[in-house]
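Pasting target_35.txt here (compact mmCIF, C-alpha atoms and all ligand atoms):
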# COMPACT_ATOMS: atom_id res chain seq x y z
CA MET A 281 91.06 118.30 126.15
CA ASP A 282 93.36 119.05 123.24
CA VAL A 283 91.86 119.67 119.81
CA ILE A 284 94.13 119.50 116.77
CA ILE A 285 92.64 120.80 113.52
CA CYS A 286 94.28 119.40 110.39
CA PRO A 287 94.07 120.39 106.72
CA ASP A 288 93.38 116.87 105.43
CA GLU A 289 92.92 113.20 106.24
CA SER A 290 96.57 112.27 105.87
CA ARG A 291 97.54 114.90 108.45
CA VAL A 292 94.79 113.59 110.78
CA GLY A 293 96.36 110.15 110.34
CA ALA A 294 99.91 111.41 110.93
CA LEU A 295 99.09 113.38 114.10
CA SER A 296 96.84 110.74 115.65
CA ALA A 297 99.49 108.08 114.91
CA ALA A 298 102.11 110.34 116.48
CA THR A 299 99.96 110.51 119.63
CA VAL A 300 99.79 106.71 119.77
CA ALA A 301 103.53 106.36 119.06
CA GLN A 302 104.32 108.82 121.84
CA VAL A 303 102.38 106.69 124.34
CA ALA A 304 104.02 103.50 122.98
CA ALA A 305 107.46 105.06 123.44
CA THR A 306 106.67 105.95 127.04
CA VAL A 307 104.98 102.66 128.00
CA GLY A 308 107.37 100.31 126.19
CA PRO A 309 106.98 97.28 123.91
CA ARG A 310 104.02 95.79 125.79
CA VAL A 311 101.80 98.81 125.19
CA VAL A 312 98.06 98.07 125.18
CA ILE A 313 96.17 99.85 122.40
CA GLY A 314 92.39 100.18 122.17
CA VAL A 315 91.31 100.10 118.54
CA ALA A 316 88.20 101.33 116.74
CA THR A 317 86.82 100.09 113.43
CA GLY A 318 85.01 102.17 110.79
CA SER A 319 86.45 104.66 108.30
CA SER A 320 87.83 107.31 110.65
CA PRO A 321 90.92 105.53 112.05
CA LEU A 322 92.07 104.06 108.71
CA ALA A 323 94.50 106.94 108.11
CA THR A 324 95.79 106.49 111.66
CA TYR A 325 96.45 102.79 111.04
CA ALA A 326 98.12 103.59 107.71
CA ALA A 327 100.43 106.10 109.41
CA LEU A 328 101.20 103.63 112.22
CA ALA A 329 101.92 100.91 109.64
CA ALA A 330 104.32 103.27 107.87
CA ARG A 331 106.19 103.77 111.17
CA VAL A 332 106.31 100.00 111.70
CA ASP A 333 107.56 99.41 108.13
CA ALA A 334 110.24 102.08 108.58
CA GLY A 335 111.47 100.34 111.74
CA LYS A 336 110.53 103.32 113.93
CA LEU A 337 107.83 101.48 115.86
CA ASP A 338 107.68 97.85 116.98
CA LEU A 339 104.26 96.57 118.03
CA SER A 340 105.14 92.87 117.94
CA GLN A 341 104.71 92.59 121.72
CA ALA A 342 101.79 95.02 121.96
CA SER A 343 98.19 94.03 122.71
CA ALA A 344 95.08 95.41 121.07
CA PHE A 345 91.49 95.54 122.30
CA ALA A 346 88.70 96.33 119.84
CA LEU A 347 85.93 98.61 121.01
CA ASP A 348 83.03 96.54 119.83
CA GLU A 349 81.60 93.73 117.73
CA TYR A 350 78.28 93.13 116.00
CA VAL A 351 76.06 90.44 117.48
CA GLY A 352 75.39 87.49 115.23
CA LEU A 353 77.94 87.95 112.44
CA PRO A 354 80.29 84.97 112.04
CA VAL A 355 83.87 85.98 112.97
CA ASP A 356 85.01 85.38 109.40
CA HIS A 357 82.29 87.61 107.89
CA PRO A 358 84.20 90.44 106.13
CA GLU A 359 82.23 93.10 108.09
CA SER A 360 82.61 91.43 111.47
CA TYR A 361 84.94 93.48 113.61
CA HIS A 362 87.02 90.34 114.22
CA ASP A 363 87.82 90.27 110.52
CA THR A 364 88.01 94.06 110.11
CA ILE A 365 90.56 94.36 112.93
CA ARG A 366 92.62 91.50 111.47
CA ARG A 367 92.72 93.26 108.06
CA THR A 368 93.20 96.86 109.17
CA VAL A 369 95.13 96.54 112.44
CA THR A 370 96.65 93.17 113.34
CA GLU A 371 98.33 92.40 110.01
CA PRO A 372 99.49 95.88 108.89
CA LEU A 373 100.76 96.80 112.36
CA GLY A 374 102.49 93.46 112.97
CA ILE A 375 100.66 92.74 116.23
CA ASP A 376 100.73 89.12 117.42
CA PRO A 377 97.18 87.80 116.72
CA SER A 378 97.20 85.96 120.05
CA ARG A 379 97.26 89.36 121.78
CA VAL A 380 94.39 90.88 119.79
CA TYR A 381 90.98 90.83 121.48
CA VAL A 382 87.53 91.55 120.09
CA PRO A 383 84.30 91.23 122.11
CA ASP A 384 82.39 87.98 121.62
CA GLY A 385 79.33 88.72 119.47
CA ASP A 386 78.12 85.12 119.39
CA PRO A 387 74.48 85.17 120.62
CA GLU A 388 75.20 82.05 122.74
CA GLY A 389 77.83 83.83 124.82
CA LEU A 390 76.06 87.16 125.26
CA PRO A 391 75.15 86.90 128.95
CA THR A 392 78.85 86.74 129.90
CA ALA A 393 80.47 88.54 126.95
CA GLY A 394 80.80 91.87 128.74
CA GLN A 395 82.25 90.45 131.93
CA ARG A 396 84.72 88.26 130.03
CA TYR A 397 85.93 91.22 128.00
CA GLU A 398 86.35 93.47 131.03
CA ALA A 399 88.37 90.67 132.69
CA ALA A 400 90.63 90.36 129.63
CA ILE A 401 91.31 94.12 129.61
CA GLU A 402 92.10 94.03 133.31
CA ALA A 403 94.40 91.01 132.90
CA ALA A 404 96.36 92.93 130.25
CA GLY A 405 96.85 95.78 132.73
CA GLY A 406 94.30 98.16 131.17
CA VAL A 407 94.37 100.15 127.94
CA ASP A 408 97.24 102.63 127.57
CA ILE A 409 95.87 104.52 124.59
CA GLN A 410 92.36 104.23 123.15
CA ILE A 411 91.77 105.19 119.51
CA LEU A 412 88.18 106.33 118.89
CA GLY A 413 85.94 107.54 116.08
CA ILE A 414 82.59 109.22 116.74
CA GLY A 415 79.18 108.51 115.24
CA THR A 416 77.07 111.24 113.62
CA ASN A 417 74.81 110.98 116.68
CA GLY A 418 77.73 111.37 119.08
CA HIS A 419 78.17 107.69 119.93
CA ILE A 420 81.59 106.34 120.86
CA GLY A 421 82.04 102.61 120.64
CA PHE A 422 78.44 101.53 120.16
CA ASN A 423 77.28 103.52 123.18
CA GLU A 424 74.26 105.18 121.67
CA PRO A 425 72.62 108.34 123.08
CA THR A 426 71.18 107.71 126.58
CA SER A 427 73.89 105.14 127.40
CA SER A 428 74.90 105.37 131.04
CA LEU A 429 77.97 107.55 131.39
CA SER A 430 79.48 104.87 133.63
CA SER A 431 78.43 101.86 131.52
CA ARG A 432 80.68 98.81 131.17
CA THR A 433 81.08 96.33 128.31
CA ARG A 434 77.66 94.94 127.41
CA MET A 435 75.17 94.31 124.63
CA THR A 436 73.57 97.41 123.13
CA THR A 437 70.87 98.04 120.54
CA LEU A 438 71.98 100.17 117.57
CA THR A 439 69.88 103.18 116.65
CA ALA A 440 68.29 103.38 113.20
CA ARG A 441 70.67 106.27 112.45
CA THR A 442 73.77 104.21 113.21
CA ARG A 443 72.48 101.28 111.18
CA GLN A 444 71.77 103.69 108.31
CA ASP A 445 75.26 105.22 108.61
CA ASN A 446 76.85 101.75 108.57
CA ALA A 447 74.69 100.39 105.73
CA ARG A 448 77.49 101.51 103.38
CA PHE A 449 79.52 98.55 104.64
CA PHE A 450 76.61 96.18 103.88
CA CYS A 451 75.84 96.94 100.20
CA ASP A 452 73.72 99.94 101.30
CA ASN A 453 71.15 97.58 102.79
CA ILE A 454 70.17 98.62 106.33
CA ASP A 455 68.44 95.27 106.83
CA GLU A 456 71.84 93.57 106.62
CA VAL A 457 73.28 95.71 109.46
CA PRO A 458 72.95 93.81 112.75
CA GLN A 459 70.62 95.36 115.30
CA HIS A 460 72.79 94.60 118.30
CA ALA A 461 76.43 94.88 119.29
CA VAL A 462 78.69 94.18 122.25
CA THR A 463 80.56 97.35 123.09
CA GLN A 464 83.00 98.62 125.66
CA GLY A 465 81.03 100.92 127.94
CA LEU A 466 81.63 104.62 128.47
CA GLY A 467 83.08 103.82 131.90
CA THR A 468 85.36 101.23 130.27
CA ILE A 469 86.58 103.78 127.71
CA LEU A 470 87.18 106.34 130.46
CA ASP A 471 89.50 103.84 132.18
CA ALA A 472 91.97 104.05 129.27
CA ARG A 473 95.01 106.05 130.34
CA ALA A 474 94.91 108.23 127.20
CA VAL A 475 92.40 108.72 124.39
CA VAL A 476 92.76 109.97 120.84
CA LEU A 477 89.57 110.57 118.84
CA VAL A 478 89.68 111.08 115.07
CA ALA A 479 86.89 112.60 113.00
CA MET A 480 86.66 113.78 109.42
CA GLY A 481 84.02 115.38 107.24
CA GLU A 482 81.08 117.72 107.63
CA GLY A 483 78.83 114.88 108.77
CA LYS A 484 80.80 114.71 112.03
CA ALA A 485 80.84 118.46 112.74
CA ALA A 486 77.76 118.53 115.01
CA ALA A 487 78.89 115.46 116.98
CA VAL A 488 82.42 116.86 117.45
CA ALA A 489 81.07 120.23 118.62
CA ALA A 490 78.65 118.55 121.03
CA ALA A 491 81.37 116.27 122.42
CA VAL A 492 83.98 119.00 122.86
CA GLU A 493 81.95 122.09 123.66
CA GLY A 494 78.45 120.89 124.52
CA PRO A 495 77.11 119.97 127.94
CA LEU A 496 78.13 116.68 129.51
CA THR A 497 75.11 114.59 128.62
CA ALA A 498 74.15 111.00 127.86
CA MET A 499 72.44 112.41 124.74
CA CYS A 500 75.95 112.89 123.31
CA PRO A 501 77.97 109.94 124.65
CA GLY A 502 81.22 111.47 123.30
CA SER A 503 80.78 114.36 125.73
CA VAL A 504 81.80 111.97 128.53
CA LEU A 505 85.37 112.47 127.30
CA GLN A 506 85.22 115.90 128.95
CA MET A 507 85.70 113.92 132.18
CA HIS A 508 88.91 112.26 130.97
CA PRO A 509 92.25 113.81 131.95
CA ARG A 510 94.12 113.01 128.74
CA VAL A 511 92.11 113.30 125.51
CA THR A 512 93.17 114.56 122.09
CA PHE A 513 90.66 115.17 119.30
CA VAL A 514 92.35 115.13 115.88
CA VAL A 515 89.90 116.44 113.27
CA ASP A 516 89.89 117.89 109.78
CA GLU A 517 88.60 121.37 108.93
CA ALA A 518 85.14 120.09 107.96
CA ALA A 519 84.68 118.16 111.21
CA ALA A 520 85.91 121.25 113.12
CA SER A 521 83.56 123.63 111.32
CA LEU A 522 81.04 123.99 114.18
CA LEU A 523 83.61 124.44 116.97
CA THR A 524 83.16 127.92 118.40
CA MET A 525 86.68 127.95 119.91
CA ALA A 526 88.54 126.72 116.82
CA ASP A 527 90.91 129.71 116.82
CA TYR A 528 91.87 128.98 120.40
CA TYR A 529 92.60 125.30 119.60
CA ARG A 530 94.78 126.33 116.65
CA GLU A 531 96.67 128.82 118.81
CA ALA A 532 97.11 126.29 121.62
CA HIS A 533 98.47 123.71 119.19
CA GLN A 534 100.84 126.10 117.43
CA SER A 535 102.22 127.49 120.66
CA ARG A 536 102.92 124.09 122.27
CA PRO A 537 106.29 124.11 123.97
CA ALA A 538 108.94 121.93 122.32
CA TRP A 539 108.59 119.11 124.87
CA ALA A 540 104.85 118.79 124.16
CA ARG A 541 105.10 118.73 120.35
CA LEU A 542 104.19 115.61 118.42
CA ASP A 543 106.76 113.94 116.23
CA ALA A 544 104.64 113.61 113.06
C1 LIG A 601 83.84 101.57 115.68
C2 LIG A 601 83.01 102.30 116.61
C3 LIG A 601 82.19 103.47 116.20
C4 LIG A 601 82.79 104.30 115.06
C5 LIG A 601 81.82 105.40 114.65
C6 LIG A 601 82.36 106.21 113.47
O1 LIG A 601 84.50 100.50 116.33
O2 LIG A 601 82.96 101.94 117.72
O3 LIG A 601 81.97 104.30 117.31
O4 LIG A 601 84.01 104.84 115.47
O5 LIG A 601 80.60 104.84 114.29
O6 LIG A 601 82.44 105.39 112.37
P1 LIG A 601 83.16 105.88 111.04
O7 LIG A 601 84.58 106.12 111.39
O8 LIG A 601 83.04 104.74 110.07
O9 LIG A 601 82.47 107.12 110.61

Represent the supplied structure as structure tokens.
Amino acid sequence: MDVIICPDESRVGALSAATVAQVAATVGPRVVIGVATGSSPLATYAALAARVDAGKLDLSQASAFALDEYVGLPVDHPESYHDTIRRTVTEPLGIDPSRVYVPDGDPEGLPTAGQRYEAAIEAAGGVDIQILGIGTNGHIGFNEPTSSLSSRTRMTTLTARTRQDNARFFCDNIDEVPQHAVTQGLGTILDARAVVLVAMGEGKAAAVAAAVEGPLTAMCPGSVLQMHPRVTFVVDEAAASLLTMADYYREAHQSRPAWARLDA
């Protein structure tokens, strides 16, 4: 995997957006982008929106698939991922809303939600580039520690730690954070043709180190990315602070041949 260590959040945004734009340029206008919610990818979306506004990137024919959705929040709840994706991705990036998909978190539809979502991804031809964040406990999507490394889209139960971490979006009240979610599985994420994971801040340092340099283990779901052929971690200095091979990653990035450099 490639690890790019950046001085600040705006550089994380610029380089992760450049990775997405590079895939979009190769795939063409109908690129399929996997999108995460949460704080980490906001700088990525801002940098992508700047490219769209400048006329350098056209996502009007692209499709987007969200990673996950809470169970039981109405789709128009401001913290539902349906609404979050509309606000942070669909509108600023100019993606046609009819091509934006979010898992169905309605309790009524749960038995088939996973299967229906997998079918929609397959019908779109699969995800070309998946944007990910990582939880402080190493989760990707809402695949919590001990998730099967080959899991598919399904309902999961959030850990107390994840609910605590996400309480900031719910007036700091953990009781307001849903207990369940529908998430793409680790096997589903691995099917994406390329992956870019963004992480910022000291709170992510242990999870980033475990995912990049730790053993492949269901106790750190992000470590499954070690099995993927095309993954880029774009992190800030604080999130990189526990990486034992940081100097090597810096050297590898700086010495990239011209054809492999990112246009950021
Ligand atoms: C979001 C998601 C999660 C987040 C992770 C980090 O759709 O699936 O895995 O990426 O919880 O969240 P932030 O970026 O808010 O720290």

Quick one: residues within 7 Å of range 496-498 of chain A, all atoms listed in the file, excluding same-chain residues fewer than 5 positions away - as a tab-separated table (two decimals) with C-alpha atoms, in the coordinates of the input?
chain	number	residue	atom	x	y	z
A	425	PRO	CA	72.62	108.34	123.08
A	426	THR	CA	71.18	107.71	126.58
A	427	SER	CA	73.89	105.14	127.40
A	428	SER	CA	74.90	105.37	131.04
A	429	LEU	CA	77.97	107.55	131.39
A	503	SER	CA	80.78	114.36	125.73
A	504	VAL	CA	81.80	111.97	128.53

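Considering the residues A:Val307, A:Met507, A:Ala519, A:Ala327 and counting only C-alpha atoms and all ligand atoms, ligand LIG 601 (chain A) has its shortest atom-to-atom contact with A:Ala519.
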
Within 9 Å of ligand LIG 601 (chain A), counting only C-alpha atoms and all ligand atoms, which protein or nucleic acid residues do you find, written as a PyMOL selection string? chain A and resi 315-322+346-349+361+411-424+442+445-446+449+463-464+477-480+483-484

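The space between CA of Ala305 in chain A and CA of Val369 in chain A spans 18.6 Å.
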
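Within the 9 Å cut-off around Ala472 in chain A, using all atoms listed in the file and omitting residues fewer than 5 positions from it on the same chain, the listed residues are Gly314, Gly406, Val407, Asp408, Ile409, Gln410 and His508 of chain A.
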
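Taking CA of Thr512 in chain A as the reference point, CA of Val475 in chain A is found at 6.3 Å.
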
Residues near Gly405 in chain A, anyone? I mean within 10 Å using all atoms listed in the file, not counting same-chain ones fewer than 5 positions away, as a ChimeraX atom specification. /A:310-312,399-400

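Of the listed residues (A:Asp455, A:Asp384, A:Glu371, A:Glu531), A:Glu531 comes nearest to Ile285 in chain A; the distances count all atoms listed in the file.
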
Which residues are close to range 388-398 of chain A, i.e. within 9 Å by all atoms listed in the file, leaving aside same-chain residues fewer than 5 positions away? Reply as a PyMOL selection string. chain A and resi 351+381-383+403+432-435+462-464+468

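Proximity ranking of A:Arg291, A:Arg530, A:His460, A:Arg367 relative to Pro387 in chain A places A:His460 first, based on only C-alpha atoms.
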
Could you tell me how far CA of Gly374 in chain A lies from CA of His362 in chain A, in Å and to one decimal? 15.8 Å

Given only C-alpha atoms as the counted atoms, nearest of A:Phe513, A:Leu373, A:Ala474, A:Ser296 to Ala330 in chain A: A:Leu373

Might I get the box with edges along x, y and z of the file that holds all atoms of range 371-387 of chain A listed there, padded by 4 Å on every side, given as centre and edge lengths in Å to one decimal, as AutoDock Vina command-line options?
--center_x 88.5 --center_y 91.0 --center_z 115.5 --size_x 36.0 --size_y 19.7 --size_z 21.2

Counting all atoms listed in the file, I want the residues whose atoms come within 8 Å of (78.3, 91.3, 114.2) in the file frame, returned as a PDB file with C-alpha atoms, keeping the file's coordinate frame.
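Okay, result-v8.pdb is ready:
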ATOM      1  CA  GLU A 349      81.600  93.730 117.730  1.00  0.00           C
ATOM      2  CA  TYR A 350      78.280  93.130 116.000  1.00  0.00           C
ATOM      3  CA  VAL A 351      76.060  90.440 117.480  1.00  0.00           C
ATOM      4  CA  GLY A 352      75.390  87.490 115.230  1.00  0.00           C
ATOM      5  CA  LEU A 353      77.940  87.950 112.440  1.00  0.00           C
ATOM      6  CA  PRO A 354      80.290  84.970 112.040  1.00  0.00           C
ATOM      7  CA  VAL A 355      83.870  85.980 112.970  1.00  0.00           C
ATOM      8  CA  GLU A 359      82.230  93.100 108.090  1.00  0.00           C
ATOM      9  CA  SER A 360      82.610  91.430 111.470  1.00  0.00           C
ATOM     10  CA  TYR A 361      84.940  93.480 113.610  1.00  0.00           C
ATOM     11  CA  GLY A 385      79.330  88.720 119.470  1.00  0.00           C
ATOM     12  CA  PRO A 458      72.950  93.810 112.750  1.00  0.00           C
ATOM     13  CA  HIS A 460      72.790  94.600 118.300  1.00  0.00           C
ATOM     14  CA  ALA A 461      76.430  94.880 119.290  1.00  0.00           C
TER      15      ALA A 461
END
